[in-house]
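For reference, the structure discussed in these notes is given below.
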Amino acid sequence: MTPGSNIPLPAARVTVDVSAPVRLDVSGLLLTADGKVRSDDDFIFYNQPSGPGVTYRSGGGTAPDAVTVDTAAVPPEIEKIVVTASPDAAGQTFQGIEPTATIRDADGGAVLATFTPPQLGTETALVVVEIYRRAGQWKARAVGQGYANGLAGIATDFGVTVEEPAAAPAAPVAPAAPPQPAAAPSVPPRPVAPPPAPAPGAGKINLDKGRVSLQKNQTVSLVKGGRPLLSQVRMGLGWEPAFRGKDIDLDASVIAYGPQRNHIDSCYFGKLTILNGAVKHSGDNLTGEGGGDDEVIVVDLGRLPQEVTGLVFTVNSFSGQKFTEVAKAYCRLVDAATDEELVRFDLTGAEPQTGVLMAKLVRQFSGEWDMTALGSFVKARTVRNMTDPGARAL
């Protein structure tokens, strides 16, 4: 699954476990229509392992912690159960850690879906997935919302009563305990905000200050002033032959994926329009000669079907030359209405391969889109061979 995507649940009882390279504390909160718990009894975690329709199971450090939801036993006033996770080690963030939630049939054990939240940084706790009721049917949604103040921050945000900590010196005088609801910060908790200037490959930036130049693995939120920035974007891709007299035929493509990273369709020189016209390709450029963008793909984000939750933009060397023979390769994101360049990613440090995953667009839980510069090289001369690497990059 990708952020914001959802699936119907074919089983009445489902288990969500969350695994990572380090031990995690997993919990579940039962929420009403106002997004709050009814009482502290609706907070299910290691010190309170059971509630109406929801149970917690410890992995004991050798297996992932898990939360099981029996949808038939969930009280009618409860609309969703959010599953959260935080590192067991005090103060540890999710930087460099990729937690994966696995949703299973609690009785048969079959895997229904998996979700790995992308681009984590300073977060110390996550709302990973939610099990929710919609029109009488139960579904699961991938969330990936991060908090900077641990499990206590999540608990407080959803209405769990926590005790204010006693005043303490700036430096701790004893080892900190694992995050618990009783360790609430004095400042009201809030979702973690992206840093204004993240290091390469870390964090998320926005467009409030205009155009940004992405580095490899860096993400930009296509939101400006807290509002979705635009509905139609143009991805331009350009390059020049590195050696005079040798034409290089690069092909720009975009691959559309569903909530479980399933391939939906591909737009490329052989299929210039997909998804009922929501994605259009300008046509094939055989040499890279001339100024400006050599190939252009226009994406109308507002017209994309809901089942499309991820787009991966790729370039292949159809003529077979390696990218070490290509100069000035780049991709850029442009507001199709104003022609304003919003994001540019210059591909440097090319590798001797014939395919590259340039960038991805991922629909978030809130409905907005994030763009991440990838710059991942693979051995592939056609978009067909990019489908599996693109899915792994989401």
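Each chain in the structure tokens gets a letter, A, B and so on, in the order shown; residues start at 1 in every chain, and ligands are counted from 1 in the order they appear.
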
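With only C-alpha atoms taken into account, the protein and nucleic acid residues at most 10 Å from Lys360 (chain A) (excluding it and anything under 5 positions from it in its own chain) are Thr219, Val254, Ile255, Ala256, Gly310, Leu311, Val312, Phe313, Thr314, Trp369, Asp370, Met371, Thr372, Ala373, Leu374, Gly390, Ala393 and Leu394 of chain A.
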
* Please provide as a list of chain:residue names all residues within 10 Å of Arg38 (chain A), with the sequence filter that same-chain residues fewer than 3 positions apart are discarded (counting only C-alpha atoms). => A:Leu29, A:Leu30, A:Leu31, A:Thr32, A:Asp34, A:Gly35, A:Asp41, A:Asp42, A:Phe43, A:Glu77, A:Ile78, A:Phe158, A:Gly159, A:Val160

Same residues, all heavy atoms, output as a CSV table (one decimal), in the first residue's frame:
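Written output follows (selection.csv):
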```
chain,number,residue,atom,x,y,z
A,29,LEU,N,-5.8,2.5,19.2
A,29,LEU,CA,-6.7,3.5,19.8
A,29,LEU,C,-8.1,3.4,19.1
A,29,LEU,O,-8.2,3.4,17.9
A,29,LEU,CB,-6.2,4.9,19.8
A,29,LEU,CG,-5.0,5.2,20.6
A,29,LEU,CD1,-3.8,5.2,19.7
A,29,LEU,CD2,-5.1,6.6,21.3
A,30,LEU,N,-9.2,3.2,19.9
A,30,LEU,CA,-10.5,3.2,19.4
A,30,LEU,C,-11.1,4.6,19.4
A,30,LEU,O,-11.1,5.2,20.4
A,30,LEU,CB,-11.4,2.3,20.3
A,30,LEU,CG,-11.2,0.8,20.2
A,30,LEU,CD1,-9.9,0.4,21.1
A,30,LEU,CD2,-12.4,0.0,20.7
A,31,LEU,N,-11.5,5.0,18.2
A,31,LEU,CA,-11.9,6.4,18.0
A,31,LEU,C,-13.3,6.5,17.6
A,31,LEU,O,-13.8,5.8,16.7
A,31,LEU,CB,-11.0,7.1,17.0
A,31,LEU,CG,-9.5,7.1,17.3
A,31,LEU,CD1,-8.7,7.8,16.2
A,31,LEU,CD2,-9.1,7.6,18.6
A,32,THR,N,-14.0,7.5,18.1
A,32,THR,CA,-15.4,7.8,17.7
A,32,THR,C,-15.4,8.8,16.5
A,32,THR,O,-14.3,9.1,15.9
A,32,THR,CB,-16.2,8.5,18.8
A,32,THR,OG1,-15.5,9.7,19.2
A,32,THR,CG2,-16.2,7.5,20.0
A,34,ASP,N,-15.6,11.9,16.3
A,34,ASP,CA,-14.9,13.1,16.5
A,34,ASP,C,-13.4,12.9,16.5
A,34,ASP,O,-12.6,13.8,16.8
A,34,ASP,CB,-15.4,13.9,17.7
A,34,ASP,CG,-15.1,13.1,19.0
A,34,ASP,OD1,-14.6,11.9,18.9
A,34,ASP,OD2,-15.4,13.6,20.1
A,35,GLY,N,-13.0,11.7,16.3
A,35,GLY,CA,-11.5,11.4,16.2
A,35,GLY,C,-10.9,11.2,17.6
A,35,GLY,O,-9.7,11.3,17.7
A,41,ASP,N,-9.8,3.9,28.6
A,41,ASP,CA,-10.0,2.4,28.3
A,41,ASP,C,-9.9,2.1,26.9
A,41,ASP,O,-9.7,0.9,26.5
A,41,ASP,CB,-11.3,1.9,28.9
A,41,ASP,CG,-11.4,2.0,30.4
A,41,ASP,OD1,-10.3,2.1,31.0
A,41,ASP,OD2,-12.5,2.0,30.9
A,42,ASP,N,-10.0,3.1,26.0
A,42,ASP,CA,-9.9,2.8,24.5
A,42,ASP,C,-8.5,2.9,24.0
A,42,ASP,O,-8.2,2.8,22.8
A,42,ASP,CB,-10.8,3.8,23.8
A,42,ASP,CG,-12.2,3.5,23.9
A,42,ASP,OD1,-12.6,2.4,24.3
A,42,ASP,OD2,-13.1,4.5,23.7
A,43,PHE,N,-7.5,3.0,24.9
A,43,PHE,CA,-6.1,3.0,24.5
A,43,PHE,C,-5.5,1.7,24.8
A,43,PHE,O,-5.4,1.3,26.0
A,43,PHE,CB,-5.3,4.1,25.3
A,43,PHE,CG,-3.9,4.3,24.9
A,43,PHE,CD1,-3.5,4.0,23.6
A,43,PHE,CD2,-3.0,4.7,25.8
A,43,PHE,CE1,-2.1,4.2,23.3
A,43,PHE,CE2,-1.6,4.8,25.5
A,43,PHE,CZ,-1.2,4.6,24.2
A,77,GLU,N,-20.4,2.8,18.2
A,77,GLU,CA,-20.0,4.2,18.2
A,77,GLU,C,-18.6,4.4,17.8
A,77,GLU,O,-18.1,5.5,17.6
A,77,GLU,CB,-20.3,4.9,19.5
A,77,GLU,CG,-19.5,4.3,20.7
A,77,GLU,CD,-20.2,3.2,21.4
A,77,GLU,OE1,-21.0,2.5,20.7
A,77,GLU,OE2,-19.9,3.0,22.6
A,78,ILE,N,-17.8,3.3,17.7
A,78,ILE,CA,-16.4,3.4,17.3
A,78,ILE,C,-16.3,3.3,15.7
A,78,ILE,O,-16.8,2.4,15.1
A,78,ILE,CB,-15.6,2.3,17.9
A,78,ILE,CG1,-15.6,2.4,19.4
A,78,ILE,CG2,-14.1,2.3,17.3
A,78,ILE,CD1,-15.0,3.7,19.9
A,158,PHE,N,-5.3,12.1,20.6
A,158,PHE,CA,-6.5,11.4,20.4
A,158,PHE,C,-7.4,11.4,21.7
A,158,PHE,O,-8.4,10.6,21.7
A,158,PHE,CB,-6.3,10.0,19.9
A,158,PHE,CG,-5.8,9.9,18.5
A,158,PHE,CD1,-4.6,9.3,18.2
A,158,PHE,CD2,-6.5,10.5,17.5
A,158,PHE,CE1,-4.1,9.3,16.9
A,158,PHE,CE2,-6.1,10.4,16.1
A,158,PHE,CZ,-4.8,9.8,15.9
A,159,GLY,N,-7.0,12.2,22.7
A,159,GLY,CA,-7.9,12.4,23.8
A,159,GLY,C,-7.6,11.6,25.0
A,159,GLY,O,-8.4,11.5,26.0
A,160,VAL,N,-6.5,10.8,25.0
A,160,VAL,CA,-6.2,10.0,26.2
A,160,VAL,C,-5.6,11.0,27.3
A,160,VAL,O,-4.8,11.9,27.0
A,160,VAL,CB,-5.1,9.0,25.9
A,160,VAL,CG1,-4.7,8.2,27.1
A,160,VAL,CG2,-5.7,8.0,24.9
```

Per residue of region 89-125 of chain A within 9 Å of region 144-156 of chain A, which atom pair is closest and at what distance in Å (one decimal), using only C-alpha atoms, listed by chain and increasing number, as JSON lines?
```
{"residue": "A:Gly91", "atom": "CA", "partner": "A:Gly150", "partner_atom": "CA", "distance": 8.2}
{"residue": "A:Thr93", "atom": "CA", "partner": "A:Ala148", "partner_atom": "CA", "distance": 8.3}
{"residue": "A:Phe115", "atom": "CA", "partner": "A:Gly144", "partner_atom": "CA", "distance": 8.7}
{"residue": "A:Thr116", "atom": "CA", "partner": "A:Gly144", "partner_atom": "CA", "distance": 8.0}
{"residue": "A:Pro117", "atom": "CA", "partner": "A:Gly144", "partner_atom": "CA", "distance": 5.0}
{"residue": "A:Pro118", "atom": "CA", "partner": "A:Gly144", "partner_atom": "CA", "distance": 7.7}
{"residue": "A:Leu120", "atom": "CA", "partner": "A:Gly146", "partner_atom": "CA", "distance": 7.9}
{"residue": "A:Gly121", "atom": "CA", "partner": "A:Gly146", "partner_atom": "CA", "distance": 8.9}
{"residue": "A:Thr122", "atom": "CA", "partner": "A:Ala148", "partner_atom": "CA", "distance": 6.4}
{"residue": "A:Glu123", "atom": "CA", "partner": "A:Ala148", "partner_atom": "CA", "distance": 4.6}
{"residue": "A:Thr124", "atom": "CA", "partner": "A:Gly150", "partner_atom": "CA", "distance": 4.8}
{"residue": "A:Ala125", "atom": "CA", "partner": "A:Gly150", "partner_atom": "CA", "distance": 4.7}
```

Can you write just those residues out, N, CA and C atoms, as a PDB file, in the first residue's frame?
```
ATOM      1  N   GLY A  91      13.962   8.074  23.016  1.00  0.00           N
ATOM      2  CA  GLY A  91      14.535   9.125  22.196  1.00  0.00           C
ATOM      3  C   GLY A  91      14.898   8.732  20.787  1.00  0.00           C
ATOM      4  N   THR A  93      14.572   7.990  16.936  1.00  0.00           N
ATOM      5  CA  THR A  93      13.671   8.401  15.863  1.00  0.00           C
ATOM      6  C   THR A  93      13.580   7.296  14.812  1.00  0.00           C
ATOM      7  N   PHE A 115       2.433  -2.213   4.258  1.00  0.00           N
ATOM      8  CA  PHE A 115       2.651  -0.773   4.085  1.00  0.00           C
ATOM      9  C   PHE A 115       3.922  -0.365   4.799  1.00  0.00           C
ATOM     10  N   THR A 116       4.808   0.332   4.076  1.00  0.00           N
ATOM     11  CA  THR A 116       6.028   0.896   4.648  1.00  0.00           C
ATOM     12  C   THR A 116       5.975   2.406   4.466  1.00  0.00           C
ATOM     13  N   PRO A 117       5.782   3.193   5.541  1.00  0.00           N
ATOM     14  CA  PRO A 117       5.729   4.654   5.395  1.00  0.00           C
ATOM     15  C   PRO A 117       7.030   5.183   4.794  1.00  0.00           C
ATOM     16  N   PRO A 118       6.940   6.076   3.793  1.00  0.00           N
ATOM     17  CA  PRO A 118       8.152   6.562   3.134  1.00  0.00           C
ATOM     18  C   PRO A 118       8.746   7.784   3.820  1.00  0.00           C
ATOM     19  N   LEU A 120      10.905   8.819   6.305  1.00  0.00           N
ATOM     20  CA  LEU A 120      10.805   9.171   7.720  1.00  0.00           C
ATOM     21  C   LEU A 120      12.083   9.840   8.183  1.00  0.00           C
ATOM     22  N   GLY A 121      11.952  10.698   9.214  1.00  0.00           N
ATOM     23  CA  GLY A 121      13.105  11.426   9.722  1.00  0.00           C
ATOM     24  C   GLY A 121      13.101  11.564  11.217  1.00  0.00           C
ATOM     25  N   THR A 122      12.631  12.731  11.718  1.00  0.00           N
ATOM     26  CA  THR A 122      12.705  13.038  13.147  1.00  0.00           C
ATOM     27  C   THR A 122      11.544  12.478  13.950  1.00  0.00           C
ATOM     28  N   GLU A 123      10.650  11.746  13.316  1.00  0.00           N
ATOM     29  CA  GLU A 123       9.491  11.211  14.022  1.00  0.00           C
ATOM     30  C   GLU A 123       9.919  10.187  15.076  1.00  0.00           C
ATOM     31  N   THR A 124       9.282  10.246  16.224  1.00  0.00           N
ATOM     32  CA  THR A 124       9.516   9.241  17.264  1.00  0.00           C
ATOM     33  C   THR A 124       8.295   8.361  17.487  1.00  0.00           C
ATOM     34  N   ALA A 125       7.222   8.626  16.755  1.00  0.00           N
ATOM     35  CA  ALA A 125       6.028   7.790  16.810  1.00  0.00           C
ATOM     36  C   ALA A 125       5.257   7.975  15.512  1.00  0.00           C
TER      37      ALA A 125
END
```

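Each of A:Lys328, A:His281, A:Arg363, A:Arg261 was compared to Thr387 (chain A) using only C-alpha atoms, and A:Arg261 turns out to be the nearest.
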
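Reported to one decimal place, the separation of CA of Phe345 (chain A) from CA of Cys331 (chain A) is 5.4 Å.
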